[in-house]
Amino acid sequence: MKKSYAVLFIVLAAIFWGIIGIFVKGLTKAGFTAMEIVTIRVVISCVLLMILGAIKYKSQLKISYKDAHLFIGTGILSIVFFNWCYFSSINRLSISTAVILLYTAPVFVMVLSALFLGEKFTFKKFILLALTVVGCGLVAGVSVEGIRSGDLLGYLIGLGAGLGYALYSIFGKLALRKYQSFTITLYTFIVASVFLLPITGIWNKTDQFLNGNVIVLILGLGTVSTVLAYLLYTSGLKTMESSKASILTTVEPVAAMLVGFIVFNESIQSLQLAGATLILGALIFYNLPERSKKKQNALEIK
C-alpha cells in the first residue's frame, strides 16, 4: 500500500469516528437510551465481524476459555463502559466537548500502565499529564462557577469515557501476548453483546427498529463509525508507524466540532477551544517519534 493511501485511510477512519454524534443524537431522539445505543453498536459490529471472520480470518476464531477474563475486561469493563459514558456525554454536553474529554484516554493509559504493567513514568509523560489536566479544566469551564453553569456530572461521565477507552489498551496489551488484533476485537464485541442483550431487552423496541430513519442511523453507527472505521485504521497501520497514525487521528475532534457546529448549531467558547488545543497539542507532542524508537504495533478501537 502506498503511504498516501495509508494517510487517507487513517484520516477517513478519524472522520468516521468524529461523525458518530450524528447517529447517537439521532437514535436518542428516536427514543433509545444511551445503553440501548451501545447495545445496537456492539451487536451490529459483532455480526459484521463474525461474517468477516468466517470469510477471511478463520484461523483466528479460536480462543481458550482460560482467557475469558481478558475479553471481559475489553468487552465489559472497557467497551460497554466507554461507549455508555461517551454516548451519555454527547447527549449531556456538546459533541466537541465529549470528544475532547475522550481524548484524555492516553493519560489514563499512562497512569494505569505505570501502576499495573510496570512502565516507566517519564518526564515526557508528566508533561502530557500536566497539559491534559489544564486542558480539561479549560474545557470544563476553568472556574467552579464555570463548571456549575455547565453539567458537572456530564464532564465526569466524559472523563469516564477516557478511562474506559484506556482500559481497552491495558487489557488489549495483555491479550496481544496470545492473540491477533482481529481475534481480540471480535471476542470483545461478542462478550459485550452477550452482556448487554439480556440487560437492555432491546428486542422490545421492534416497532422503532422498523422506522426507515432508525435503520439508516443504526447502519451508520454500526458500519461507518465502527467496523469501516476500524478496518480503514487497521489497513493504514500496515504501512505507517502507530505514533504517526495517532497524530492523524486528532482529525476526529475537528470533525466532531464541525458536526456539532454545522448539524446541531453547537458553539464552543474560546477557553474551551484553548483547552482542546492544549490536550491535542500534548498528544501530538507525546506521539512524536523519537529517532531511537523502533516501530511498534498498535491496538486501537473506538
# chains A, B, ... in the order shown; residues from 1 in each chain; ligands from 1
>>> residues_around(residues="stretch 189-203 of chain A", least_positions_apart="5", cutoff="6 Å", atoms="only C-alpha atoms", output="number ranges by chain")
A: 39, 42-43, 46, 75-76
>>> residues_around(residues="stretch 252-264 of chain A", least_positions_apart="2", cutoff="8 Å", atoms="only C-alpha atoms", output="list in words")
Ala14, Ile15, Phe16, Trp17, Gly18, Ile19, Ile20, Gly21, Ile22, Ser94, Ile95, Ser96, Val99, Ile100, Thr249, Thr250, Glu266 and Ser267 of chain A
>>> closest_residue(among="A:Ala245, A:Leu156, A:Leu186, A:Cys136", to="A:Lys58", atoms="only C-alpha atoms")
A:Leu186
>>> closest_residue(among="A:Thr104, A:Thr188, A:Ser78, A:Ser88", to="A:Leu153", atoms="only C-alpha atoms")
A:Ser88
>>> closest_residue(among="A:Ala98, A:Met50, A:Ile268, A:Val11", to="A:Asn83", atoms="only C-alpha atoms")
A:Ala98
>>> residues_around(residues="A:Tyr168", least_positions_apart="2", cutoff="10 Å", atoms="only C-alpha atoms", output="ChimeraX atom specification")
/A:70-71,73-79,82,105,109,163-166,170-174,188,299-302
>>> closest_residue(among="A:Phe123, A:Ser225, A:Leu159, A:Asn213", to="A:Leu27", atoms="only C-alpha atoms")
A:Asn213
>>> atom_distance(atom1="atom CA of A:Phe182", atom2="atom CA of A:Phe23")
24.9 Å
>>> atom_distance(atom1="atom CA of A:Leu93", atom2="atom CA of A:Ile215")
25.2 Å
>>> select_by_dssp(residues="stretch 39-86 of chain A", states="alpha helix (DSSP H)", output="ChimeraX atom specification")
/A:39-56,68-72,81-86
>>> write_last_selection(atoms="N, CA, C and O atoms", output="mmCIF file, in the first residue's frame")
data_model
loop_
_atom_site.group_PDB
_atom_site.id
_atom_site.type_symbol
_atom_site.label_atom_id
_atom_site.label_comp_id
_atom_site.auth_asym_id
_atom_site.auth_seq_id
_atom_site.Cartn_x
_atom_site.Cartn_y
_atom_site.Cartn_z
ATOM 1 N N THR A 39 -25.756 -1.033 22.924
ATOM 2 C CA THR A 39 -26.127 -2.398 22.526
ATOM 3 C C THR A 39 -26.240 -2.507 21.010
ATOM 4 O O THR A 39 -25.739 -3.469 20.406
ATOM 5 N N ILE A 40 -26.897 -1.551 20.400
ATOM 6 C CA ILE A 40 -27.044 -1.542 18.935
ATOM 7 C C ILE A 40 -25.669 -1.541 18.273
ATOM 8 O O ILE A 40 -25.419 -2.311 17.341
ATOM 9 N N ARG A 41 -24.788 -0.713 18.777
ATOM 10 C CA ARG A 41 -23.456 -0.606 18.161
ATOM 11 C C ARG A 41 -22.681 -1.909 18.261
ATOM 12 O O ARG A 41 -22.108 -2.381 17.282
ATOM 13 N N VAL A 42 -22.649 -2.494 19.452
ATOM 14 C CA VAL A 42 -21.816 -3.683 19.627
ATOM 15 C C VAL A 42 -22.407 -4.901 18.925
ATOM 16 O O VAL A 42 -21.675 -5.734 18.395
ATOM 17 N N VAL A 43 -23.748 -5.014 18.905
ATOM 18 C CA VAL A 43 -24.370 -6.176 18.253
ATOM 19 C C VAL A 43 -24.181 -6.114 16.744
ATOM 20 O O VAL A 43 -23.811 -7.120 16.115
ATOM 21 N N ILE A 44 -24.430 -4.949 16.143
ATOM 22 C CA ILE A 44 -24.220 -4.793 14.694
ATOM 23 C C ILE A 44 -22.767 -5.081 14.350
ATOM 24 O O ILE A 44 -22.450 -5.796 13.396
ATOM 25 N N SER A 45 -21.850 -4.513 15.128
ATOM 26 C CA SER A 45 -20.425 -4.715 14.891
ATOM 27 C C SER A 45 -20.044 -6.176 15.050
ATOM 28 O O SER A 45 -19.249 -6.717 14.275
ATOM 29 N N CYS A 46 -20.619 -6.825 16.066
ATOM 30 C CA CYS A 46 -20.339 -8.238 16.327
ATOM 31 C C CYS A 46 -20.741 -9.103 15.149
ATOM 32 O O CYS A 46 -19.970 -9.965 14.697
ATOM 33 N N VAL A 47 -21.937 -8.874 14.626
ATOM 34 C CA VAL A 47 -22.437 -9.655 13.490
ATOM 35 C C VAL A 47 -21.545 -9.467 12.267
ATOM 36 O O VAL A 47 -21.145 -10.435 11.601
ATOM 37 N N LEU A 48 -21.196 -8.215 11.975
ATOM 38 C CA LEU A 48 -20.364 -7.925 10.802
ATOM 39 C C LEU A 48 -18.965 -8.532 10.947
ATOM 40 O O LEU A 48 -18.404 -9.073 9.989
ATOM 41 N N LEU A 49 -18.414 -8.458 12.159
ATOM 42 C CA LEU A 49 -17.082 -9.019 12.394
ATOM 43 C C LEU A 49 -17.092 -10.544 12.320
ATOM 44 O O LEU A 49 -16.129 -11.158 11.845
ATOM 45 N N MET A 50 -18.170 -11.160 12.774
ATOM 46 C CA MET A 50 -18.278 -12.626 12.688
ATOM 47 C C MET A 50 -18.335 -13.076 11.226
ATOM 48 O O MET A 50 -17.716 -14.074 10.843
ATOM 49 N N ILE A 51 -19.066 -12.323 10.413
ATOM 50 C CA ILE A 51 -19.125 -12.632 8.977
ATOM 51 C C ILE A 51 -17.749 -12.472 8.350
ATOM 52 O O ILE A 51 -17.283 -13.332 7.584
ATOM 53 N N LEU A 52 -17.067 -11.376 8.680
ATOM 54 C CA LEU A 52 -15.724 -11.124 8.152
ATOM 55 C C LEU A 52 -14.760 -12.219 8.604
ATOM 56 O O LEU A 52 -13.935 -12.703 7.820
ATOM 57 N N GLY A 53 -14.876 -12.632 9.877
ATOM 58 C CA GLY A 53 -14.003 -13.672 10.406
ATOM 59 C C GLY A 53 -14.205 -15.000 9.702
ATOM 60 O O GLY A 53 -13.244 -15.713 9.399
ATOM 61 N N ALA A 54 -15.478 -15.330 9.436
ATOM 62 C CA ALA A 54 -15.789 -16.596 8.758
ATOM 63 C C ALA A 54 -15.253 -16.613 7.333
ATOM 64 O O ALA A 54 -14.911 -17.671 6.797
ATOM 65 N N ILE A 55 -15.164 -15.435 6.719
ATOM 66 C CA ILE A 55 -14.705 -15.350 5.329
ATOM 67 C C ILE A 55 -13.180 -15.229 5.229
ATOM 68 O O ILE A 55 -12.541 -15.917 4.421
ATOM 69 N N LYS A 56 -12.602 -14.401 6.092
ATOM 70 C CA LYS A 56 -11.195 -14.039 5.911
ATOM 71 C C LYS A 56 -10.267 -14.482 7.031
ATOM 72 O O LYS A 56 -9.063 -14.671 6.809
ATOM 73 N N ALA A 68 -10.872 -15.977 29.241
ATOM 74 C CA ALA A 68 -12.146 -15.249 29.203
ATOM 75 C C ALA A 68 -12.069 -13.920 29.946
ATOM 76 O O ALA A 68 -12.702 -12.931 29.549
ATOM 77 N N HIS A 69 -11.273 -13.880 31.025
ATOM 78 C CA HIS A 69 -11.183 -12.653 31.821
ATOM 79 C C HIS A 69 -10.634 -11.478 31.015
ATOM 80 O O HIS A 69 -10.988 -10.315 31.259
ATOM 81 N N LEU A 70 -9.770 -11.774 30.028
ATOM 82 C CA LEU A 70 -9.216 -10.706 29.193
ATOM 83 C C LEU A 70 -10.304 -10.042 28.369
ATOM 84 O O LEU A 70 -10.345 -8.820 28.220
ATOM 85 N N PHE A 71 -11.217 -10.857 27.847
ATOM 86 C CA PHE A 71 -12.274 -10.330 26.989
ATOM 87 C C PHE A 71 -13.433 -9.753 27.797
ATOM 88 O O PHE A 71 -14.178 -8.912 27.294
ATOM 89 N N ILE A 72 -13.552 -10.176 29.046
ATOM 90 C CA ILE A 72 -14.478 -9.500 29.950
ATOM 91 C C ILE A 72 -13.954 -8.090 30.214
ATOM 92 O O ILE A 72 -14.714 -7.125 30.284
ATOM 93 N N PHE A 81 -18.579 0.134 29.135
ATOM 94 C CA PHE A 81 -18.459 1.314 29.991
ATOM 95 C C PHE A 81 -18.058 2.551 29.188
ATOM 96 O O PHE A 81 -18.653 3.630 29.336
ATOM 97 N N PHE A 82 -17.075 2.398 28.309
ATOM 98 C CA PHE A 82 -16.589 3.516 27.494
ATOM 99 C C PHE A 82 -17.689 4.078 26.596
ATOM 100 O O PHE A 82 -17.920 5.287 26.540
ATOM 101 N N ASN A 83 -18.386 3.200 25.887
ATOM 102 C CA ASN A 83 -19.425 3.667 24.971
ATOM 103 C C ASN A 83 -20.586 4.312 25.701
ATOM 104 O O ASN A 83 -21.127 5.335 25.259
ATOM 105 N N TRP A 84 -20.985 3.729 26.859
ATOM 106 C CA TRP A 84 -22.078 4.342 27.622
ATOM 107 C C TRP A 84 -21.683 5.743 28.074
ATOM 108 O O TRP A 84 -22.467 6.698 27.943
ATOM 109 N N CYS A 85 -20.487 5.878 28.605
ATOM 110 C CA CYS A 85 -20.011 7.191 29.051
ATOM 111 C C CYS A 85 -19.927 8.177 27.883
ATOM 112 O O CYS A 85 -20.352 9.332 27.987
ATOM 113 N N TYR A 86 -19.386 7.701 26.771
ATOM 114 C CA TYR A 86 -19.197 8.578 25.608
ATOM 115 C C TYR A 86 -20.539 9.044 25.046
ATOM 116 O O TYR A 86 -20.754 10.240 24.813
#
>>> atom_distance(atom1="atom CA of A:Gly158", atom2="atom CA of A:Ser89")
5.2 Å
>>> decode(residues="stretch 21-81 of chain A", atoms="C-alpha atoms", output="CSV table (one decimal), in the first residue's frame")
chain,number,residue,atom,x,y,z
A,21,GLY,CA,-22.5,12.1,17.2
A,22,ILE,CA,-25.0,12.3,14.3
A,23,PHE,CA,-26.0,8.7,14.8
A,24,VAL,CA,-26.0,8.9,18.6
A,25,LYS,CA,-28.2,12.1,18.8
A,26,GLY,CA,-30.5,10.7,16.1
A,27,LEU,CA,-31.1,7.5,17.9
A,28,THR,CA,-31.6,9.3,21.2
A,29,LYS,CA,-34.2,11.5,19.6
A,30,ALA,CA,-35.8,8.3,18.3
A,31,GLY,CA,-36.3,7.2,21.9
A,32,PHE,CA,-33.3,5.0,22.6
A,33,THR,CA,-31.3,5.3,25.8
A,34,ALA,CA,-27.5,5.5,25.9
A,35,MET,CA,-27.2,1.9,26.9
A,36,GLU,CA,-29.5,0.7,24.2
A,37,ILE,CA,-27.5,2.7,21.6
A,38,VAL,CA,-24.3,0.9,23.0
A,39,THR,CA,-26.1,-2.4,22.5
A,40,ILE,CA,-27.0,-1.5,18.9
A,41,ARG,CA,-23.5,-0.6,18.2
A,42,VAL,CA,-21.8,-3.7,19.6
A,43,VAL,CA,-24.4,-6.2,18.3
A,44,ILE,CA,-24.2,-4.8,14.7
A,45,SER,CA,-20.4,-4.7,14.9
A,46,CYS,CA,-20.3,-8.2,16.3
A,47,VAL,CA,-22.4,-9.7,13.5
A,48,LEU,CA,-20.4,-7.9,10.8
A,49,LEU,CA,-17.1,-9.0,12.4
A,50,MET,CA,-18.3,-12.6,12.7
A,51,ILE,CA,-19.1,-12.6,9.0
A,52,LEU,CA,-15.7,-11.1,8.2
A,53,GLY,CA,-14.0,-13.7,10.4
A,54,ALA,CA,-15.8,-16.6,8.8
A,55,ILE,CA,-14.7,-15.4,5.3
A,56,LYS,CA,-11.2,-14.0,5.9
A,57,TYR,CA,-9.9,-14.9,9.4
A,58,LYS,CA,-11.0,-18.5,10.1
A,59,SER,CA,-7.6,-19.3,11.7
A,60,GLN,CA,-8.1,-16.5,14.2
A,61,LEU,CA,-11.5,-17.5,15.6
A,62,LYS,CA,-10.4,-19.8,18.4
A,63,ILE,CA,-9.6,-18.8,22.0
A,64,SER,CA,-9.1,-20.6,25.3
A,65,TYR,CA,-11.8,-20.3,27.9
A,66,LYS,CA,-9.0,-19.7,30.4
A,67,ASP,CA,-8.5,-16.3,28.8
A,68,ALA,CA,-12.1,-15.2,29.2
A,69,HIS,CA,-11.2,-12.7,31.8
A,70,LEU,CA,-9.2,-10.7,29.2
A,71,PHE,CA,-12.3,-10.3,27.0
A,72,ILE,CA,-14.5,-9.5,29.9
A,73,GLY,CA,-12.0,-6.7,30.5
A,74,THR,CA,-12.0,-5.4,26.9
A,75,GLY,CA,-15.7,-6.2,26.3
A,76,ILE,CA,-17.5,-5.1,29.5
A,77,LEU,CA,-15.1,-3.0,31.6
A,78,SER,CA,-13.9,-1.1,28.6
A,79,ILE,CA,-16.2,-1.2,25.5
A,80,VAL,CA,-19.6,-1.2,27.4
A,81,PHE,CA,-18.5,1.3,30.0
